[in-house]
file data_21.csv (CSV, C-alpha atoms)
chain,number,residue,atom,x,y,z
A,1,MET,CA,-51.3,-25.6,-11.5
A,2,THR,CA,-54.4,-27.6,-12.1
A,3,ASN,CA,-57.1,-25.9,-14.1
A,4,THR,CA,-60.5,-27.4,-13.8
A,5,VAL,CA,-62.5,-24.7,-15.5
A,6,ALA,CA,-64.3,-25.8,-18.6
A,7,LYS,CA,-63.1,-24.3,-21.8
A,8,SER,CA,-64.7,-24.0,-25.2
A,9,ALA,CA,-63.2,-24.4,-28.6
A,10,ASP,CA,-62.9,-20.6,-28.8
A,11,CYS,CA,-61.0,-20.3,-25.6
A,12,LEU,CA,-57.4,-19.0,-25.6
A,13,SER,CA,-54.5,-21.2,-25.1
A,14,ARG,CA,-51.6,-20.1,-23.0
A,15,LEU,CA,-49.5,-19.7,-26.1
A,16,ARG,CA,-52.1,-17.4,-27.6
A,17,ILE,CA,-52.3,-15.4,-24.4
A,18,ASP,CA,-48.5,-15.0,-24.3
A,19,ARG,CA,-48.3,-14.1,-27.9
A,20,TRP,CA,-51.0,-11.5,-27.4
A,21,LEU,CA,-49.3,-10.0,-24.4
A,22,ASN,CA,-46.0,-9.9,-26.4
A,23,GLY,CA,-47.6,-7.9,-29.1
A,24,GLU,CA,-47.5,-10.6,-31.7
A,25,LEU,CA,-51.2,-10.7,-32.5
A,26,GLY,CA,-51.8,-7.2,-33.8
A,27,ASP,CA,-54.2,-5.2,-31.8
A,28,GLY,CA,-55.6,-8.3,-30.0
A,29,ALA,CA,-59.2,-7.3,-30.8
A,30,ALA,CA,-60.3,-10.9,-31.2
A,31,GLU,CA,-58.7,-11.9,-27.9
A,32,ARG,CA,-60.2,-8.9,-26.1
A,33,ALA,CA,-63.6,-9.7,-27.5
A,34,HIS,CA,-63.5,-13.3,-26.4
A,35,CYS,CA,-62.3,-12.3,-22.9
A,36,ALA,CA,-65.2,-9.9,-22.6
A,37,SER,CA,-67.6,-12.9,-22.6
A,38,CYS,CA,-65.5,-15.6,-21.1
A,39,ALA,CA,-64.7,-15.6,-17.4
A,40,ARG,CA,-62.2,-18.5,-17.8
A,41,CYS,CA,-60.1,-16.7,-20.3
A,42,ALA,CA,-60.4,-13.3,-18.6
A,43,ALA,CA,-59.1,-14.9,-15.4
A,44,LEU,CA,-56.3,-16.7,-17.3
A,45,VAL,CA,-55.2,-13.5,-19.0
A,46,THR,CA,-55.2,-11.7,-15.6
A,47,ALA,CA,-53.1,-14.5,-14.2
A,48,HIS,CA,-50.6,-14.1,-17.0
A,49,ARG,CA,-50.4,-10.4,-16.5
A,50,ASP,CA,-50.0,-10.9,-12.7
A,51,GLU,CA,-47.3,-13.4,-13.4
A,52,ARG,CA,-45.3,-10.9,-15.5
A,53,ALA,CA,-45.8,-8.1,-13.0
A,54,ALA,CA,-44.6,-10.3,-10.1
A,55,PHE,CA,-41.6,-11.8,-12.0
A,56,ALA,CA,-38.5,-10.7,-10.1
A,57,ILE,CA,-35.8,-13.2,-11.0
A,58,PRO,CA,-32.8,-11.4,-12.4
A,59,LEU,CA,-30.9,-12.7,-15.4
A,60,ALA,CA,-27.5,-14.0,-14.4
A,61,ALA,CA,-24.6,-12.2,-16.1
A,62,PRO,CA,-23.6,-14.1,-19.2
A,63,ALA,CA,-20.2,-15.8,-19.1
A,64,ILE,CA,-17.7,-14.3,-21.4
A,65,ALA,CA,-18.2,-15.9,-24.8
A,66,ARG,CA,-15.4,-18.2,-25.7
A,67,GLU,CA,-13.5,-17.5,-28.8
A,68,ALA,CA,-14.1,-20.0,-31.5
A,69,PRO,CA,-11.9,-20.6,-34.5
A,70,LEU,CA,-13.2,-19.6,-37.9
A,71,ARG,CA,-13.7,-22.7,-39.9
A,72,SER,CA,-12.4,-21.5,-43.2
A,73,ARG,CA,-10.7,-24.0,-45.4
A,74,ARG,CA,-8.0,-23.2,-47.9
A,75,THR,CA,-8.0,-19.5,-47.0
A,76,GLY,CA,-4.3,-19.6,-45.9
A,77,TRP,CA,-5.2,-19.5,-42.2
A,78,ALA,CA,-4.5,-22.5,-40.2
A,79,ILE,CA,-7.2,-23.1,-37.6
A,80,GLY,CA,-4.8,-22.7,-34.8
A,81,THR,CA,-3.9,-19.2,-35.9
A,82,ALA,CA,-7.3,-18.1,-37.1
A,83,LEU,CA,-8.9,-17.4,-33.7
A,84,LEU,CA,-11.1,-14.3,-33.9
A,85,ALA,CA,-12.4,-12.1,-31.1
A,86,ALA,CA,-16.0,-12.9,-32.2
A,87,ALA,CA,-18.3,-15.0,-30.1
A,88,LEU,CA,-19.3,-18.5,-31.0
A,89,CYS,CA,-21.4,-18.0,-34.1
A,90,VAL,CA,-24.5,-19.9,-33.1
A,91,TRP,CA,-27.6,-18.1,-33.8
A,92,LEU,CA,-31.2,-18.5,-33.0
A,93,ILE,CA,-33.6,-19.8,-35.5
A,94,ALA,CA,-37.3,-19.1,-35.1
A,95,PRO,CA,-39.5,-22.0,-36.2
A,96,PRO,CA,-40.8,-21.6,-39.7
A,97,PRO,CA,-44.5,-21.0,-40.2
A,98,ALA,CA,-46.7,-24.0,-40.7
A,99,PRO,CA,-46.5,-25.0,-44.4
A,100,PRO,CA,-49.7,-24.7,-46.4
A,101,HIS,CA,-49.5,-28.2,-47.6
A,102,ILE,CA,-49.9,-31.3,-45.4
A,103,VAL,CA,-46.6,-32.3,-43.9
A,104,SER,CA,-46.3,-35.6,-42.0
A,105,PHE,CA,-44.0,-35.6,-39.0
A,106,GLU,CA,-42.7,-38.9,-40.2
A,107,ALA,CA,-41.8,-37.3,-43.5
A,108,ALA,CA,-39.5,-34.9,-41.7
A,109,THR,CA,-37.2,-37.9,-41.1
A,110,ARG,CA,-35.6,-39.0,-44.3
A,111,GLU,CA,-36.1,-42.5,-43.2
A,112,LYS,CA,-38.6,-43.2,-40.4
A,113,GLY,CA,-36.9,-43.7,-37.0
A,114,ARG,CA,-33.4,-42.6,-38.1
A,115,PRO,CA,-31.7,-39.6,-36.7
A,116,VAL,CA,-31.9,-36.5,-38.8
A,117,LEU,CA,-29.5,-33.7,-39.5
A,118,ASN,CA,-31.0,-30.3,-40.5
A,119,LEU,CA,-29.2,-27.4,-42.0
A,120,TYR,CA,-29.8,-23.7,-41.5
A,121,VAL,CA,-28.2,-21.0,-43.7
A,122,LYS,CA,-27.5,-17.5,-42.4
A,123,ARG,CA,-27.0,-14.9,-45.1
A,124,GLY,CA,-26.6,-11.4,-43.9
A,125,GLU,CA,-29.1,-11.1,-41.1
A,126,ARG,CA,-31.6,-13.5,-42.5
A,127,ILE,CA,-31.8,-17.2,-41.6
A,128,HIS,CA,-33.6,-19.9,-43.5
A,129,ARG,CA,-33.8,-23.6,-43.3
A,130,GLY,CA,-31.6,-25.3,-46.0
A,131,SER,CA,-32.5,-28.4,-47.9
A,132,ASP,CA,-30.5,-31.1,-49.7
A,133,GLY,CA,-28.9,-29.5,-52.7
A,134,GLU,CA,-29.1,-26.0,-51.2
A,135,ARG,CA,-27.3,-23.3,-53.2
A,136,VAL,CA,-25.0,-21.4,-50.9
A,137,TYR,CA,-22.3,-18.7,-51.4
A,138,PRO,CA,-19.0,-17.7,-49.8
A,139,GLY,CA,-19.6,-15.8,-46.7
A,140,ASP,CA,-22.8,-17.7,-45.8
A,141,SER,CA,-22.8,-19.3,-42.4
A,142,LEU,CA,-24.2,-22.7,-41.7
A,143,GLY,CA,-25.8,-24.0,-38.6
A,144,PHE,CA,-27.2,-27.4,-37.8
A,145,THR,CA,-29.8,-29.0,-35.7
A,146,ALA,CA,-30.2,-32.7,-35.0
A,147,SER,CA,-33.2,-34.9,-34.1
A,148,THR,CA,-33.0,-38.4,-32.7
A,149,ALA,CA,-35.5,-40.6,-30.9
A,150,GLU,CA,-32.8,-42.2,-28.8
A,151,PRO,CA,-29.6,-40.8,-27.2
A,152,ARG,CA,-26.7,-40.9,-29.7
A,153,PHE,CA,-23.2,-39.6,-30.2
A,154,ILE,CA,-22.9,-37.2,-33.2
A,155,ALA,CA,-20.2,-35.9,-35.5
A,156,ILE,CA,-20.5,-33.6,-38.5
A,157,ILE,CA,-18.0,-34.3,-41.3
A,158,SER,CA,-17.7,-32.6,-44.6
A,159,ILE,CA,-16.3,-33.8,-47.9
A,160,ASP,CA,-16.0,-31.2,-50.7
A,161,GLY,CA,-15.6,-31.6,-54.4
A,162,ALA,CA,-11.9,-32.2,-54.0
A,163,ARG,CA,-12.6,-35.0,-51.6
A,164,THR,CA,-11.1,-33.0,-48.8
A,165,VAL,CA,-12.5,-34.3,-45.6
A,166,SER,CA,-13.0,-31.9,-42.7
A,167,VAL,CA,-14.4,-32.5,-39.2
A,168,TYR,CA,-16.8,-29.7,-38.4
A,169,TYR,CA,-18.0,-31.1,-35.1
A,170,PRO,CA,-17.0,-31.8,-32.4
A,171,GLN,CA,-13.5,-30.5,-31.9
A,172,ALA,CA,-12.8,-33.5,-29.8
A,173,ALA,CA,-11.4,-37.0,-30.1
A,174,ALA,CA,-14.8,-38.7,-30.0
A,175,ALA,CA,-18.3,-38.1,-31.2
A,176,ALA,CA,-20.2,-35.7,-28.9
A,177,PRO,CA,-23.2,-36.9,-26.8
A,178,LEU,CA,-26.6,-36.0,-28.2
A,179,PRO,CA,-29.7,-36.6,-26.0
A,180,ALA,CA,-32.9,-37.8,-27.5
A,181,GLY,CA,-34.9,-34.8,-28.8
A,182,ARG,CA,-36.1,-32.9,-31.8
A,183,ASP,CA,-34.3,-30.1,-33.6
A,184,GLN,CA,-31.5,-29.7,-31.1
A,185,LEU,CA,-29.2,-26.8,-32.0
A,186,LEU,CA,-25.6,-27.9,-32.3
A,187,PRO,CA,-23.1,-25.5,-30.7
A,188,PHE,CA,-21.1,-24.6,-33.7
A,189,SER,CA,-21.4,-22.9,-37.0
A,190,VAL,CA,-19.4,-22.8,-40.2
A,191,ARG,CA,-18.6,-19.7,-42.3
A,192,LEU,CA,-18.1,-20.7,-45.9
A,193,ASP,CA,-14.9,-19.8,-47.7
A,194,GLY,CA,-14.3,-19.0,-51.3
A,195,VAL,CA,-13.9,-22.6,-52.6
A,196,LEU,CA,-16.8,-23.4,-54.9
A,197,GLY,CA,-18.4,-26.6,-55.8
A,198,ARG,CA,-20.5,-29.4,-54.3
A,199,GLU,CA,-19.9,-30.3,-50.7
A,200,ARG,CA,-21.5,-33.1,-48.7
A,201,LEU,CA,-22.2,-32.6,-45.0
A,202,HIS,CA,-22.5,-35.9,-43.2
A,203,GLY,CA,-24.2,-36.2,-39.8
A,204,VAL,CA,-22.9,-39.4,-38.2
A,205,PHE,CA,-25.0,-40.7,-35.4
A,206,CYS,CA,-23.5,-43.6,-33.3
A,207,ASP,CA,-24.7,-45.6,-30.3
A,208,ARG,CA,-21.4,-44.9,-28.5
A,209,ALA,CA,-18.6,-42.4,-28.5
A,210,VAL,CA,-16.8,-43.5,-31.6
A,211,ALA,CA,-13.4,-41.9,-32.3
A,212,VAL,CA,-13.9,-39.0,-34.7
A,213,GLU,CA,-10.8,-40.1,-36.7
A,214,ASP,CA,-12.5,-43.5,-37.3
A,215,LEU,CA,-15.5,-41.7,-38.7
A,216,ARG,CA,-13.3,-39.4,-40.8
A,217,ALA,CA,-11.5,-42.4,-42.3
A,218,ALA,CA,-14.7,-44.2,-43.0
A,219,LEU,CA,-16.3,-41.3,-44.9
A,220,ALA,CA,-13.1,-40.7,-46.8
A,221,GLY,CA,-13.6,-44.3,-48.1
A,222,ASN,CA,-10.7,-45.8,-46.2
A,223,ALA,CA,-12.7,-47.9,-43.8
A,224,ALA,CA,-16.3,-49.1,-43.2
A,225,ILE,CA,-18.7,-47.1,-41.2
A,226,PRO,CA,-18.5,-48.4,-37.7
A,227,ALA,CA,-21.2,-50.7,-36.6
A,228,GLY,CA,-23.9,-48.9,-34.6
A,229,CYS,CA,-23.6,-45.7,-36.7
A,230,THR,CA,-26.0,-44.2,-39.2
A,231,VAL,CA,-25.3,-41.3,-41.5
A,232,ASP,CA,-27.6,-38.6,-42.6
A,233,THR,CA,-26.2,-36.5,-45.5
A,234,ILE,CA,-27.0,-33.0,-46.8
A,235,ALA,CA,-25.4,-31.8,-50.0
A,236,ILE,CA,-24.8,-28.1,-50.6
A,237,ASP,CA,-23.8,-26.4,-53.9
A,238,LYS,CA,-21.4,-23.5,-53.3
A,239,GLN,CA,-21.5,-21.0,-56.1
A,240,ALA,CA,-20.0,-17.6,-56.8
A,241,PRO,CA,-22.3,-14.7,-56.0
A,242,SER,CA,-24.1,-13.4,-59.1
B,243,MET,CA,-22.2,-11.3,-28.2
B,244,MET,CA,-25.8,-10.2,-28.3
B,245,GLU,CA,-26.3,-6.7,-27.1
B,246,ARG,CA,-27.2,-6.8,-23.4
B,247,GLY,CA,-30.2,-4.6,-24.1
B,248,VAL,CA,-31.6,-7.0,-26.6
B,249,LEU,CA,-31.1,-9.9,-24.3
B,250,GLU,CA,-32.8,-8.1,-21.4
B,251,GLN,CA,-35.8,-7.2,-23.6
B,252,LEU,CA,-36.2,-10.8,-24.6
B,253,TYR,CA,-35.9,-11.8,-20.9
B,254,ARG,CA,-38.5,-9.3,-19.9
B,255,ASP,CA,-41.0,-10.5,-22.5
B,256,HIS,CA,-40.5,-14.2,-22.3
B,257,ALA,CA,-38.8,-15.2,-19.0
B,258,PRO,CA,-42.1,-15.4,-17.0
B,259,ALA,CA,-43.6,-17.9,-19.5
B,260,VAL,CA,-40.3,-19.8,-19.7
B,261,LEU,CA,-40.2,-20.2,-15.9
B,262,ARG,CA,-43.9,-21.0,-15.6
B,263,ARG,CA,-43.7,-23.8,-18.2
B,264,ALA,CA,-40.4,-25.1,-16.8
B,265,ARG,CA,-42.1,-25.4,-13.4
B,266,GLN,CA,-44.9,-27.2,-15.0
B,267,ILE,CA,-42.8,-29.7,-16.8
B,268,LEU,CA,-40.0,-30.2,-14.3
B,269,GLN,CA,-42.1,-29.9,-11.2
B,270,ASN,CA,-39.1,-28.7,-9.3
B,271,GLU,CA,-38.4,-25.0,-8.5
B,272,ASP,CA,-34.6,-25.2,-8.6
B,273,ALA,CA,-34.5,-27.2,-11.8
B,274,ALA,CA,-37.0,-24.7,-13.4
B,275,ARG,CA,-34.8,-21.7,-12.4
B,276,ASP,CA,-31.8,-23.5,-13.8
B,277,ALA,CA,-33.7,-24.0,-17.0
B,278,LEU,CA,-34.6,-20.3,-17.1
B,279,GLN,CA,-31.0,-19.2,-16.8
B,280,ASP,CA,-29.6,-21.8,-19.1
B,281,ILE,CA,-32.1,-21.0,-21.9
B,282,PHE,CA,-31.4,-17.3,-21.8
B,283,LEU,CA,-27.7,-17.4,-21.1
B,284,ALA,CA,-27.4,-19.6,-24.2
B,285,LEU,CA,-28.7,-16.7,-26.2
B,286,ALA,CA,-26.0,-14.4,-24.9
B,287,SER,CA,-23.4,-15.8,-27.3
B,288,HIS,CA,-25.6,-15.2,-30.3
B,289,MET,CA,-24.7,-12.4,-32.6
B,290,THR,CA,-28.2,-11.6,-33.6
B,291,PHE,CA,-31.7,-12.6,-32.9
B,292,GLU,CA,-34.1,-11.9,-35.6
B,293,LEU,CA,-37.4,-11.2,-33.9
B,294,ARG,CA,-40.3,-12.7,-35.8
B,295,ALA,CA,-44.0,-13.2,-35.1
B,296,SER,CA,-43.3,-16.6,-33.8
B,297,THR,CA,-40.7,-15.6,-31.2
B,298,THR,CA,-43.0,-16.7,-28.4
B,299,GLY,CA,-43.5,-20.0,-30.1
B,300,TRP,CA,-39.8,-20.4,-30.4
B,301,PHE,CA,-39.4,-20.0,-26.6
B,302,TYR,CA,-42.2,-22.4,-26.0
B,303,THR,CA,-40.5,-25.0,-28.2
B,304,ARG,CA,-37.1,-24.3,-26.7
B,305,THR,CA,-38.3,-24.6,-23.1
B,306,THR,CA,-40.3,-27.7,-23.8
B,307,ASN,CA,-37.4,-29.5,-25.5
B,308,TYR,CA,-34.9,-28.4,-22.9
B,309,CYS,CA,-37.0,-29.6,-20.0
B,310,LEU,CA,-38.0,-32.8,-21.6
B,311,ASN,CA,-34.4,-33.6,-22.4
B,312,ARG,CA,-33.6,-32.9,-18.8
B,313,LEU,CA,-36.3,-35.2,-17.6
B,314,ARG,CA,-35.0,-38.0,-19.9
B,315,ASP,CA,-31.4,-37.4,-18.8
B,316,GLU,CA,-32.4,-37.6,-15.1
B,317,ARG,CA,-34.4,-40.7,-15.7
B,318,ASN,CA,-31.5,-42.4,-17.5
B,319,ARG,CA,-29.1,-41.5,-14.8
B,320,ALA,CA,-31.5,-42.8,-12.1
B,321,ARG,CA,-32.0,-46.0,-14.0
B,322,LEU,CA,-28.3,-46.5,-14.4
B,323,ARG,CA,-27.7,-45.8,-10.8
B,324,LEU,CA,-30.3,-48.2,-9.6
B,325,GLU,CA,-29.6,-50.8,-12.3
B,326,ARG,CA,-33.3,-51.3,-12.8
B,327,GLY,CA,-35.1,-52.8,-15.7
B,328,THR,CA,-37.3,-50.8,-18.1
B,329,SER,CA,-40.6,-51.3,-16.3
B,330,ALA,CA,-43.1,-48.7,-17.5
B,331,ALA,CA,-43.8,-45.9,-15.2
B,332,THR,CA,-47.4,-45.7,-14.0
B,333,ALA,CA,-49.4,-43.1,-15.6
B,334,ALA,CA,-50.7,-40.4,-13.3
B,335,PRO,CA,-54.2,-41.2,-12.3
B,336,PRO,CA,-56.9,-38.8,-13.2
B,337,ARG,CA,-58.1,-36.5,-10.5
B,338,GLY,CA,-61.6,-35.5,-11.1
B,339,GLU,CA,-61.8,-33.5,-14.2
B,340,ALA,CA,-58.2,-32.5,-14.1
B,341,VAL,CA,-55.2,-34.6,-15.0
B,342,VAL,CA,-51.7,-34.3,-13.7
B,343,LEU,CA,-48.8,-35.2,-15.9
B,344,ALA,CA,-46.1,-36.8,-13.8
B,345,ARG,CA,-42.5,-36.2,-14.5
B,346,ASP,CA,-41.9,-39.9,-15.1
B,347,VAL,CA,-44.7,-40.1,-17.6
B,348,LEU,CA,-43.2,-37.3,-19.6
B,349,ALA,CA,-39.7,-38.8,-19.3
B,350,GLN,CA,-40.7,-42.2,-20.7
B,351,LEU,CA,-42.8,-41.0,-23.6
B,352,PRO,CA,-41.3,-40.9,-27.0
B,353,PRO,CA,-39.9,-37.4,-27.6
B,354,VAL,CA,-42.6,-36.2,-30.0
B,355,LEU,CA,-45.5,-37.5,-27.8
B,356,ALA,CA,-43.9,-35.9,-24.7
B,357,GLU,CA,-43.8,-32.6,-26.6
B,358,VAL,CA,-47.4,-32.9,-27.7
B,359,ALA,CA,-48.4,-33.8,-24.1
B,360,VAL,CA,-46.9,-30.6,-22.8
B,361,TYR,CA,-48.5,-28.5,-25.5
B,362,TYR,CA,-51.9,-30.2,-25.3
B,363,TYR,CA,-52.3,-30.7,-21.6
B,364,CYS,CA,-50.1,-28.0,-20.0
B,365,ASP,CA,-50.5,-25.2,-22.6
B,366,GLU,CA,-54.0,-26.2,-23.7
B,367,MET,CA,-53.1,-25.5,-27.3
B,368,THR,CA,-55.3,-26.2,-30.2
B,369,HIS,CA,-54.3,-28.8,-32.7
B,370,ASP,CA,-53.6,-26.0,-35.2
B,371,GLU,CA,-51.2,-24.3,-32.7
B,372,ILE,CA,-49.4,-27.6,-32.0
B,373,ALA,CA,-49.1,-28.3,-35.7
B,374,ALA,CA,-47.5,-24.9,-36.2
B,375,LEU,CA,-44.9,-25.5,-33.6
B,376,LEU,CA,-44.2,-29.0,-34.8
B,377,GLY,CA,-44.2,-28.1,-38.4
B,378,CYS,CA,-46.7,-30.8,-39.3
B,379,SER,CA,-50.3,-31.1,-40.3
B,380,ARG,CA,-53.2,-30.6,-37.9
B,381,ARG,CA,-54.5,-34.1,-38.9
B,382,HIS,CA,-51.2,-35.6,-37.8
B,383,VAL,CA,-51.4,-33.7,-34.5
B,384,GLY,CA,-54.8,-35.4,-34.0
B,385,HIS,CA,-53.2,-38.8,-34.5
B,386,LEU,CA,-50.4,-38.0,-32.1
B,387,VAL,CA,-53.0,-36.9,-29.4
B,388,GLU,CA,-54.8,-40.2,-29.8
B,389,GLN,CA,-51.6,-42.1,-29.6
B,390,LEU,CA,-50.7,-40.1,-26.5
B,391,ARG,CA,-53.9,-41.1,-24.8
B,392,ARG,CA,-53.3,-44.7,-25.6
B,393,ASN,CA,-49.7,-44.5,-24.4
B,394,THR,CA,-50.4,-42.8,-21.1
B,395,ALA,CA,-53.9,-44.2,-20.3
B,396,ILE,CA,-54.9,-40.8,-19.2
B,397,THR,CA,-58.6,-40.3,-19.2
B,398,ALA,CA,-60.5,-37.1,-19.1
B,399,ALA,CA,-64.0,-36.0,-19.7
B,400,GLU,CA,-64.1,-34.5,-23.1
B,401,ALA,CA,-66.8,-32.9,-25.0
B,402,ASN,CA,-67.8,-34.8,-28.1
B,403,GLY,CA,-68.3,-33.4,-31.4
B,404,ASP,CA,-65.8,-30.6,-31.2
B,405,PRO,CA,-64.5,-30.2,-34.7
B,406,SER,CA,-61.3,-28.5,-33.6
B,407,GLY,CA,-60.4,-31.5,-31.5
B,408,ASP,CA,-60.1,-29.3,-28.4
B,409,THR,CA,-61.8,-30.4,-25.3
B,410,SER,CA,-64.1,-28.6,-23.0
B,411,ASP,CA,-62.2,-29.7,-19.9
B,412,ALA,CA,-58.9,-28.2,-19.2
B,413,ARG,CA,-55.9,-30.3,-18.1
B,414,GLY,CA,-53.3,-29.0,-15.8
B,415,CYS,CA,-49.7,-29.9,-15.5
B,416,GLY,CA,-49.2,-30.3,-11.8

call {"tool": "encode", "arguments": {"input": "data_21.csv", "output": "structure tokens"}}
result
Amino acid sequence: MTNTVAKSADCLSRLRIDRWLNGELGDGAAERAHCASCARCAALVTAHRDERAAFAIPLAAPAIAREAPLRSRRTGWAIGTALLAAALCVWLIAPPPAPPHIVSFEAATREKGRPVLNLYVKRGERIHRGSDGERVYPGDSLGFTASTAEPRFIAIISIDGARTVSVYYPQAAAAAPLPAGRDQLLPFSVRLDGVLGRERLHGVFCDRAVAVEDLRAALAGNAAIPAGCTVDTIAIDKQAPS
Amino acid sequence: MMERGVLEQLYRDHAPAVLRRARQILQNEDAARDALQDIFLALASHMTFELRASTTGWFYTRTTNYCLNRLRDERNRARLRLERGTSAATAAPPRGEAVVLARDVLAQLPPVLAEVAVYYYCDEMTHDEIAALLGCSRRHVGHLVEQLRRNTAITAAEANGDPSGDTSDARGCG
């Protein structure tokens, strides 16, 4: 749709209109007041309402969620026997509000231009973005997003305080394809077990589908990181609940 | 699995906007409908969805990134098939006071500029709104918009002296 009507600085964006119609802007008094004196915005709001009223595409029936193994190390359950009837534990994360201080987009990459791994922590029903050195507790669940300017192949490998190396993602022989994009949610999560101490989560980004075992060996210190791969690491500190 | 009722409520509230925006970005009805279903069906396997004030913003971001990734994937596949070089796509020419963002323009832009292009030109967001979605400063959004203009050579009539950086002319998305 091409909109050629002039708009002023006070005019409503489509996001703001949708947020208003979704009840996210309180009573919408400011929006109503503006629309009362702005034909452009009044027409756009009407168009949004009409679009909602006319929407008639049904949601397809979700496929049965596949069972996923609980990634719980040293709990006495081998992964092969620890399949639960729960769905894949990937959850939605709403974007955080804009920080009060100035944040440069470049600063969001730990090194400009390099792929970035981000951590999210789910504790109970609350989710927050984790940072390097994040304090976590047994029972917390971890989720990850990845950002890359170029298509890459990704693997997530963990090394705990006992130098135990675990491949979190993918459950495949080679690193998984990751298209270029920002904050792409990875389709897996990890529920933390009772083993305490510092753990390092390595996001390995390669320019080809490198064998996961090669990456595992490299991070265990038994081989060099394959050429064409970069690593972004997040450390977590697993402590006993207080 | 997410409760069906919760999923259906999310669908009722957000599906129209998801479809509208997918149509704008992908400029293909079938692809837009696929995007709609994929985005919501991906939610079905979630245990919980914590509704927050920025839920609409989340769907905006998710739809934008999904569609831009799809455009880039399609472009890469087409390029590999045709074994062409990396000649730059021609920016869509301005049409009067409105500008159309071509699929190939979006597909070839760096990811963050493509995302800003969608928010700025298709959704007509303010710099503040874009900054909130990107998690960066408003000032940085201004820089990205300027960079976007240089990259795409899109010209439009803009009002000068608008402190918010918003323009008086709207831009459509095809």

call {"tool": "closest_residue", "arguments": {"input": "data_21.csv", "among": "B:Val387, B:Met367, B:Ile267, B:Ala284", "to": "chain A", "atoms": "all atoms listed in the file"}}
result
B:Met367

call {"tool": "closest_residue", "arguments": {"input": "data_21.csv", "among": "A:Gly139, A:Gly133, A:Gly124, A:Gly28", "to": "Leu192 of chain A", "atoms": "all atoms listed in the file"}}
result
A:Gly139

call {"tool": "closest_residue", "arguments": {"input": "data_21.csv", "among": "B:Thr303, B:Gln279, B:Gln389, B:Gln350", "to": "Ala373 of chain B", "atoms": "only C-alpha atoms"}}
result
B:Thr303

call {"tool": "atom_distance", "arguments": {"input": "data_21.csv", "atom1": "atom CA of Arg262 of chain B", "atom2": "atom CA of His382 of chain B"}}
result
27.6 Å

call {"tool": "atom_distance", "arguments": {"input": "data_21.csv", "atom1": "atom CA of Leu142 of chain A", "atom2": "atom CA of Gly194 of chain A"}}
result
14.3 Å

call {"tool": "atom_distance", "arguments": {"input": "data_21.csv", "atom1": "atom CA of Leu15 of chain A", "atom2": "atom CA of Gly299 of chain B"}}
result
7.2 Å

call {"tool": "closest_residue", "arguments": {"input": "data_21.csv", "among": "A:Arg200, A:Ala176, A:Cys11, A:Cys41", "to": "Ile236 of chain A", "atoms": "all atoms listed in the file"}}
result
A:Arg200

call {"tool": "residues_around", "arguments": {"input": "data_21.csv", "residues": "Glu213 of chain A", "least_positions_apart": "2", "cutoff": "10 Å", "atoms": "only C-alpha atoms", "output": "ChimeraX atom specification"}}
result
/A:167,172-175,210-211,215-219

call {"tool": "residues_around", "arguments": {"input": "data_21.csv", "residues": "segment 153-166 of chain A", "least_positions_apart": "5", "cutoff": "7 Å", "atoms": "only C-alpha atoms", "output": "NGL selection string"}}
result
:A and (175-178 or 197-209 or 216 or 220)

call {"tool": "closest_residue", "arguments": {"input": "data_21.csv", "among": "A:Gly181, A:Pro226, A:Gly23, A:Pro170", "to": "chain B", "atoms": "only C-alpha atoms"}}
result
A:Gly181

call {"tool": "closest_residue", "arguments": {"input": "data_21.csv", "among": "B:Cys378, B:Gln251, B:Ile372, B:Glu271", "to": "chain A", "atoms": "all atoms listed in the file"}}
result
B:Cys378

call {"tool": "residues_around", "arguments": {"input": "data_21.csv", "residues": "His256 of chain B", "least_positions_apart": "3", "cutoff": "10 Å", "atoms": "only C-alpha atoms", "output": "MDAnalysis selection string"}}
result
(chainID A and resid 18:19 21:22 52) or (chainID B and resid 250:253 259:261 278 282 297:298 301:302)

call {"tool": "residues_near_point", "arguments": {"input": "data_21.csv", "point": "(-33.4, -12.2, -12.1)", "cutoff": "10 Å", "atoms": "only C-alpha atoms", "output": "ChimeraX atom specification"}}
result
/A:55-61 /B:253-254,257,275,278-279
